[in-house]
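Q: Before I ask anything, let me first share the structure, which is written out below as structure tokens.
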Protein chains: 4
Amino acid sequence: LPFNESLLHNFLSRRRPGQSVAVTARQESDTPEILSGILNGVTLGTPIAVIVRNIDSRSEDYKEINENLSKGTLPVRPGHADDVWRDKFGHSDARGGGRSSGRETLARVIGGAFAQMFVQHVSPETNIVVFPRQVGPLIVADEDVQPQNALGVSAHVKTEIENMLAGLKTEGDSVGGIGEVWMQSPPKNLGQPVFHKLKSDLAAAFLSVGATTGLELGDGFSLVNRRGTEVHKLTEHNEDSPFNSYGGIRGGISTGETIAMRVAFKPTSSILDVAKKGRHDPCIVIRALPVLEAMAWLVLADHLLWQRLDRV
Amino acid sequence: LPFNESLLHNFLSRRRPGQSVAVTARQESDTPEILSGILNGVTLGTPIAVIVRNIDSRSEDYKEINENLSKGTLPVRPGHADDVWRDKFGHSDARGGGRSSGRETLARVIGGAFAQMFVQHVSPETNIVVFPRQVGPLIVADEDVQPQNALGVSAHVKTEIENMLAGLKTEGDSVGGIGEVWMQSPPKNLGQPVFHKLKSDLAAAFLSVGATTGLELGDGFSLVNRRGTEVHKLTEHNEDSPFNSYGGIRGGISTGETIAMRVAFKPTSSILDVAKKGRHDPCIVIRALPVLEAMAWLVLADHLLWQRLDRV
Amino acid sequence: LPFNESLLHNFLSRRRPGQSVAVTARQESDTPEILSGILNGVTLGTPIAVIVRNIDSRSEDYKEINENLSKGTLPVRPGHADDVWRDKFGHSDARGGGRSSGRETLARVIGGAFAQMFVQHVSPETNIVVFPRQVGPLIVADEDVQPQNALGVSAHVKTEIENMLAGLKTEGDSVGGIGEVWMQSPPKNLGQPVFHKLKSDLAAAFLSVGATTGLELGDGFSLVNRRGTEVHKLTEHNEDSPFNSYGGIRGGISTGETIAMRVAFKPTSSILDVAKKGRHDPCIVIRALPVLEAMAWLVLADHLLWQRLDRV
Amino acid sequence: LPFNESLLHNFLSRRRPGQSVAVTARQESDTPEILSGILNGVTLGTPIAVIVRNIDSRSEDYKEINENLSKGTLPVRPGHADDVWRDKFGHSDARGGGRSSGRETLARVIGGAFAQMFVQHVSPETNIVVFPRQVGPLIVADEDVQPQNALGVSAHVKTEIENMLAGLKTEGDSVGGIGEVWMQSPPKNLGQPVFHKLKSDLAAAFLSVGATTGLELGDGFSLVNRRGTEVHKLTEHNEDSPFNSYGGIRGGISTGETIAMRVAFKPTSSILDVAKKGRHDPCIVIRALPVLEAMAWLVLADHLLWQRLDRV
């Protein structure tokens with residue numbers, strides 16, 4: 001597989017914090033070192049190992065938290081998982097949230113970058129677009145909007161978001177949000193029966209991302225109120241809409257139409273009045289978008305391989 | 001493990017169609033024959049094999065569909081997966097929906113029954129309650145209601161549901177719905193880091209059920225609009241509410257509080273004017289409830305075993 | 001995949017005991033009932049379930065053993081695993097040896113039959129030949145012999161074997177043996193790096209069969225004494241020999257040459273003076289041959305599928 | 001788990017080449033850098049990542065081989081796997097043997113070191129002893145010998161081995177060998193039914209090591225000729241012998257007695273007259289011993305965890 005280095009860097013840079021007011025102030029250079037699996041610009045088929053060293057962990061910021069942890073004066077950070085991890089494994093390293101730190105999403109986007117290289121090599125027309133549907137109470141994209149730039153929103157909306165988040169940061173508060181993922185021109189017939197339906201694996205992938213609290217495929221919860229005679233029409237795809245009610249998956253299998261999913265995030269739990277020295281985002285959905293995208297590429301890549309076993 | 005035969009039969013009977021106007025008219029006796037793994041009233045640790053023979057398949061009802069399939073005059077049943085399965089695997093057996101027939105949920109409830117025996121043996125206080133939150137436009141349970149009987153709703157609401165569904169059946173139409181699952185007093189510390197968070201595995205399990213189209217954990221999508229300072233409070237559990245905002249899972253791990261999830265279903269795709277001889281439910285959510293419960297028991301059982309590897 | 005029913009029956013009949021003096025007197029009809037996965041003579045891609053009911057278990061033969069087990073007067077059957085299973089799982093069902101009964105090999109040959117259908121569909125030239133290399137002290141096949149009939153040996157040798165085994169049966173004694181497996185014209189490039197080399201998976205498959213105690217690939221242990229300059233020659237395949245020193249696997253990968261393996265079995269542990277009512281074979285290797293063959297087909301089938309993921 | 005750094009270094013140093021005439025001249029410092037999973041001298045339960053950089057690859061030695069590979073003038077190194085890997089994956093990196101280089105065993109001993117820490121933490125009395133049973137035609141250990149030092153043999157035998165190997169190195173030749181592994185006082189009841197018998201997993205683990213060509217458990221092939229009445233005795237363990245005929249495994253499960261296995265290796269394929277610039281061992285068995293030990297620790301560790309799921 002030709003190794004697309006700029007694709008990897010692009011993924012890392014989109015995930016990187018400290019780029020604007022909207023996201024946390026930490027400066028992470030995220031320079032990847034490729035240890036194995038790539039030679040002369042192609043992957044070898046051998047395991048690909050990439051390391052990114054943490055050059056700005058400022059673990060002293062977490063010193064007080066760690067002390068509280070060891071003194072047993074818990075919980076110190078509402079909404080965080082320090083206490084449950086400690087209870088589960090007998091210890092907890094609070095530096096950067098330890099096991100449930102957003103830092104682990106770095107590995108996800110690296111994996112996602114390679115998955116994208118593979119999927120687009122096999123299916124060049126496939127693309128994934130991610131954008132915020134909602135940031136706190138701010139409905140960013142209405143039903144008709146098409147994602148347009150890095151954030152997937154218009155410059156005007158971007159400014160609105162940044163203003164709101166700057167305000168929250170000052171107030172030491174946070175909001176939730178909804179991220180949307182469109183897998184355009186996906187390979188069809190992806191998904192396995194019963195326990196590995198494509199929607200099932202996508203749901204697991206998205207819900208494995210921290211702070212997620214809900215998920216919709218296609219028209220999602222809005223389908224509940226609708227009549228079958230209205231939803232299930234022979235001509236089911238409406239040219240005016242970017243996707244059909246089913247969200248591109250029927251019987252658990254991709255139909256080749258755009259797969260559309262929405263993921264809800266709860267408000268960031270690191271709020272300034274509680275753990276004021278931690279540098280965190282007032283809304284996680286912005287930084288989570290490349291992570292959702294990476295997870296989607298990974299699931300498509302897995303199922304593309306799996307599909308090779310479908311027939312004798 | 002002591003084998004609780006009545007628990008198995010109870011699960012099968014709740015899933016069985018033909019019990020009331022609300023569900024399809026097929027008569028399935030669902031008598032299980034246990035082939036292996038149980039001797040003298042206890043499980044042996046060896047694989048448990050159970051078969052339930054299909055005595056009322058009426059496959060002649062599907063004859064016309066099969067003929068259309070083989071003639072290539074597809075799609076015949078909007079919303080069904082006959083065509084995608086056929087495209088994927090090169091053939092499709094339309095009898096009862098073939099691979100994506102609701103009939104496969106029988107295996108899920110059998111598995112769920114054994115999972116319940118195991119979980120409650122290890123953690124007797126754990127229980128799972130399922131009830132419809134919404135049937136079509138009818139909001140069955142408001143936020144305060146507690147599940148009360150087999151359906152988990154009051155007799156009055158049950159009548160309302162049945163009347164609505166009887167009407168839909170006459171009209172040859174269908175609606176969607178929302179099923180709710182409360183895992184009460186679950187074992188705590190269930191869930192694994194990164195890719196097997198408990199919410200991730202539950203999401204995969206629920207979305208593997210046919211016709212599902214969305215999912216919420218705890219306060220779900222309603223958390224999007226709320227402020228972090230309001231959601232993340234040190235005293236997070238409100239005695240007046242059956243569960244907290246997080247839905248009993250933090251950092252991907254069960255906290256021991258009630259795990260609450262909601263699953264959205266789209267309207268049944270088998271509508272009378274299209275495939276009038278098939279006998280189908282005008283709203284799948286009623287029959288899906290024991291299936292959701294079974295999936296929840298299975299995930300809890302898996303994670304209870306997995307948890308044994310958490311510590312040295 | 002076209003379903004070859006006679007291939008399945010042939011496998012079952014070769015494994016079945018009671019065919020001659022050489023094997024145990026139990027009469028098992030082994031009539032398979034196919035529950036799922038096959039329609040109109042082809043596999044559907046859905047799981048294939050087959051049951052064979054045990055019509056001659058004579059569990060009363062094992063009554064005394066079970067009583068000894070429950071009284072704790074163990075070990076009753078030297079070389080058997082009743083006591084270790086009991087210690088491991090807290091109980092043991094001695095009927096037919098319970099979990100370690102030779103009866104479980106029935107499932108292996110059924111699986112092997114379907115694996116053979118698949119492998120030969122994809123690679124029609126591939127065939128597997130099994131024969132006894134040694135039965136107790138009797139060296140059945142010298143290096144030059146080619147397998148010739150059902151047992152893979154000449155009629156003369158077959159008589160010799162049967163006479164020896166009849167004698168052992170009278171004496172209430174048993175011997176070990178060596179079974180040999182030749183996978184002829186196998187697909188090449190099967191095997192994965194590091195932990196799933198083809199030889200590794202074949203070793204695991206063969207050693208998972210009861211009573212096995214050793215294994216050789218190609219020239220096996222005899223290679224230990226030889227010089228590298230002699231073994232590793234550019235023209236490595238000798239036309240006079242059915243296979244090369246490496247046994248058809250280099251670097252853990254099949255080369256396309258005959259894969260040759262030998263499996264050693266210890267003497268049957270069910271000997272008459274100890275458990276006289278059990279009906280057992282004085283040498284397990286004869287009945288084990290179709291089981292070894294089945295395991296070989298299963299490993300080839302797995303790796304044929306796996307191989308589909310080798311390249312982008 | 002307390003991290004035992006010296007145990008890790010000991011494993012690495014035993015595997016390292018260049019220590020004596022008996023092994024290849026490459027100088028590899030094998031300094032491990034621990035990237036994650038260990039803090040303040042204990043493992044965290046998070047994944048442990050260790051890297052060892054290759055500081056002496058002398059890949060120019062392999063330049064000629066790579067050129068031959070790309071010119072298609074294959075095979076250049078009899079017994080090597082360059083050609084089969086190339087055929088399988090479409091390319092091959094001959095540096096150090098590429099994918100089938102002995103260099104990959106470094107990862108095995110690192111894993112084995114951590115497995116040993118875990119097994120001995122849970123079962124402190126368990127130990128593993130490895131020694132050469134045979135080096136080429138030289139029978140190093142007779143049946144009665146007990147392993148005594150680093151090599152597991154007496155100083156006299158060590159000198160004999162070194163002299164023989166020095167001679168082979170001068171002649172540009174190589175021999176095979178037999179390595180023996182004794183797992184002393186292993187936990188009992190390890191092993192799962194049917195496909196993951198302990199002997200099956202150990203066989204897979206040992207046969208996954210390069211150049212292996214055969215395997216014996218306990219008395220192995222010598223059991224073939226023996227009578228059941230002689231082998232299966234109620235008092236099966238002979239105090240004079242370090243292990244019983246069964247090699248410590250019955251019914252696929254560890255009995256708590258010493259598990260004894262032998263592994264045969266073919267002569268090293270890198271012989272001087274063919275690839276004279278490569279620096280290779282005239283007998284691989286010496287360097288393979290810590291690798292076999294590591295694999296044994298890994299299998300025991302896996303099954304110790306697995307065993308936790310044996311009972312309700």
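Residues in the structure tokens are numbered from 1 in each chain, the chains being A, B, ... in the order shown, and ligands are numbered from 1 in the order shown.
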Using the chain letters and numbers from this document, which residues of stretch 180-213 of chain A does DSSP assign to strand (DSSP E or B), as a JSON list (two decimals) with C-alpha atoms, in the first residue's frame?
A:
```json
[["chain", "number", "residue", "atom", "x", "y", "z"],
["A", 180, "GLU", "CA", -22.04, 13.96, 12.29],
["A", 181, "VAL", "CA", -20.27, 11.46, 10.05],
["A", 182, "TRP", "CA", -21.08, 10.93, 6.38],
["A", 183, "MET", "CA", -19.41, 8.00, 4.68],
["A", 184, "GLN", "CA", -19.89, 8.91, 1.04],
["A", 212, "THR", "CA", -20.22, 9.85, 23.92],
["A", 213, "THR", "CA", -23.76, 9.44, 25.12]]
```
Q: Show me, as a PyMOL selection string, every residue of chain B with an atom at most 8 Å from chain C, counting only C-alpha atoms.
A: chain B and resi 44-46+89+91+99
Q: Write out as a compact mmCIF listing (two decimals) with C-alpha atoms, in the first residue's frame which residues come within 12 Å of A:Val209 when counting only C-alpha atoms, dropping same-chain ones fewer than 6 positions away.
A:
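The file below, result_27.txt, is the result:
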```
# COMPACT_ATOMS: atom_id res chain seq x y z
CA SER A 100 -9.31 7.63 29.92
CA SER A 101 -7.27 10.62 28.77
CA GLY A 102 -8.19 12.15 25.44
CA ARG A 103 -4.55 11.51 24.63
CA GLU A 104 -5.42 7.92 23.62
CA THR A 105 -7.33 9.24 20.63
CA LEU A 106 -3.96 9.96 19.05
CA ALA A 107 -3.56 6.23 18.44
CA ARG A 108 -7.02 6.15 16.92
CA VAL A 109 -6.28 8.82 14.32
CA GLY A 179 -20.87 15.24 15.64
CA LEU A 202 -19.97 1.45 13.83
CA ALA A 203 -21.99 1.96 17.00
CA LEU A 215 -26.01 7.65 18.49
CA VAL A 263 -22.95 10.95 17.77
CA ALA A 264 -23.93 12.89 20.91
CA PHE A 265 -21.33 14.07 23.42
CA LYS A 266 -21.96 15.19 26.97
CA ILE A 284 -15.18 18.14 23.05
CA VAL A 285 -17.11 17.68 19.82
CA ARG A 287 -11.67 17.81 18.57
CA ALA A 288 -13.61 14.58 18.49
CA LEU A 289 -14.50 14.95 14.80
CA PRO A 290 -11.25 13.54 13.37
CA VAL A 291 -11.49 10.77 15.96
CA LEU A 292 -14.98 9.83 14.75
CA GLU A 293 -13.70 9.95 11.20
CA ALA A 294 -10.77 7.69 12.11
CA MET A 295 -13.07 5.18 13.76
CA ALA A 296 -15.30 5.14 10.68
CA PRO B 193 -10.47 0.39 28.31
CA VAL B 194 -10.50 1.91 24.85
CA PHE B 195 -12.32 -0.52 22.54
CA HIS B 196 -14.46 -2.53 24.92
CA LYS B 197 -15.96 0.09 27.12
CA LEU B 198 -19.18 -1.27 28.58
CA LYS B 199 -21.21 1.34 26.68
CA SER B 200 -19.47 0.32 23.48
CA GLY B 251 -15.12 6.28 31.70
CA GLY B 252 -16.74 3.33 29.97
```
Q: Can you list, as a list in words, every protein, DNA or RNA residue that comes within 6 Å of B:Asn225 when you count only C-alpha atoms, leaving out same-chain residues fewer than 2 positions away?
A: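 My reading of the contact set: Gly136 and Pro137 of chain A; Leu223 of chain B.
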Q: Using only C-alpha atoms for the distances, tell me which of B:Glu33, B:Val224, B:Ile48, B:Gly177 is nearest to A:Ile139.
A: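 Using only C-alpha atoms, A:Ile139 sits closest to B:Val224.
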Q: Mind giving me the straight-line distance from atom CA of C:Gly210 to atom CA of D:Arg250 in Å, one decimal?
A: 9.2 Å
Q: Could you tell me how far atom CA of B:Asp82 lies from atom CA of B:Ala211, in Å and to one decimal?
A: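 Interatomic distance, atom CA of B:Asp82 to atom CA of B:Ala211: 14.0 Å.
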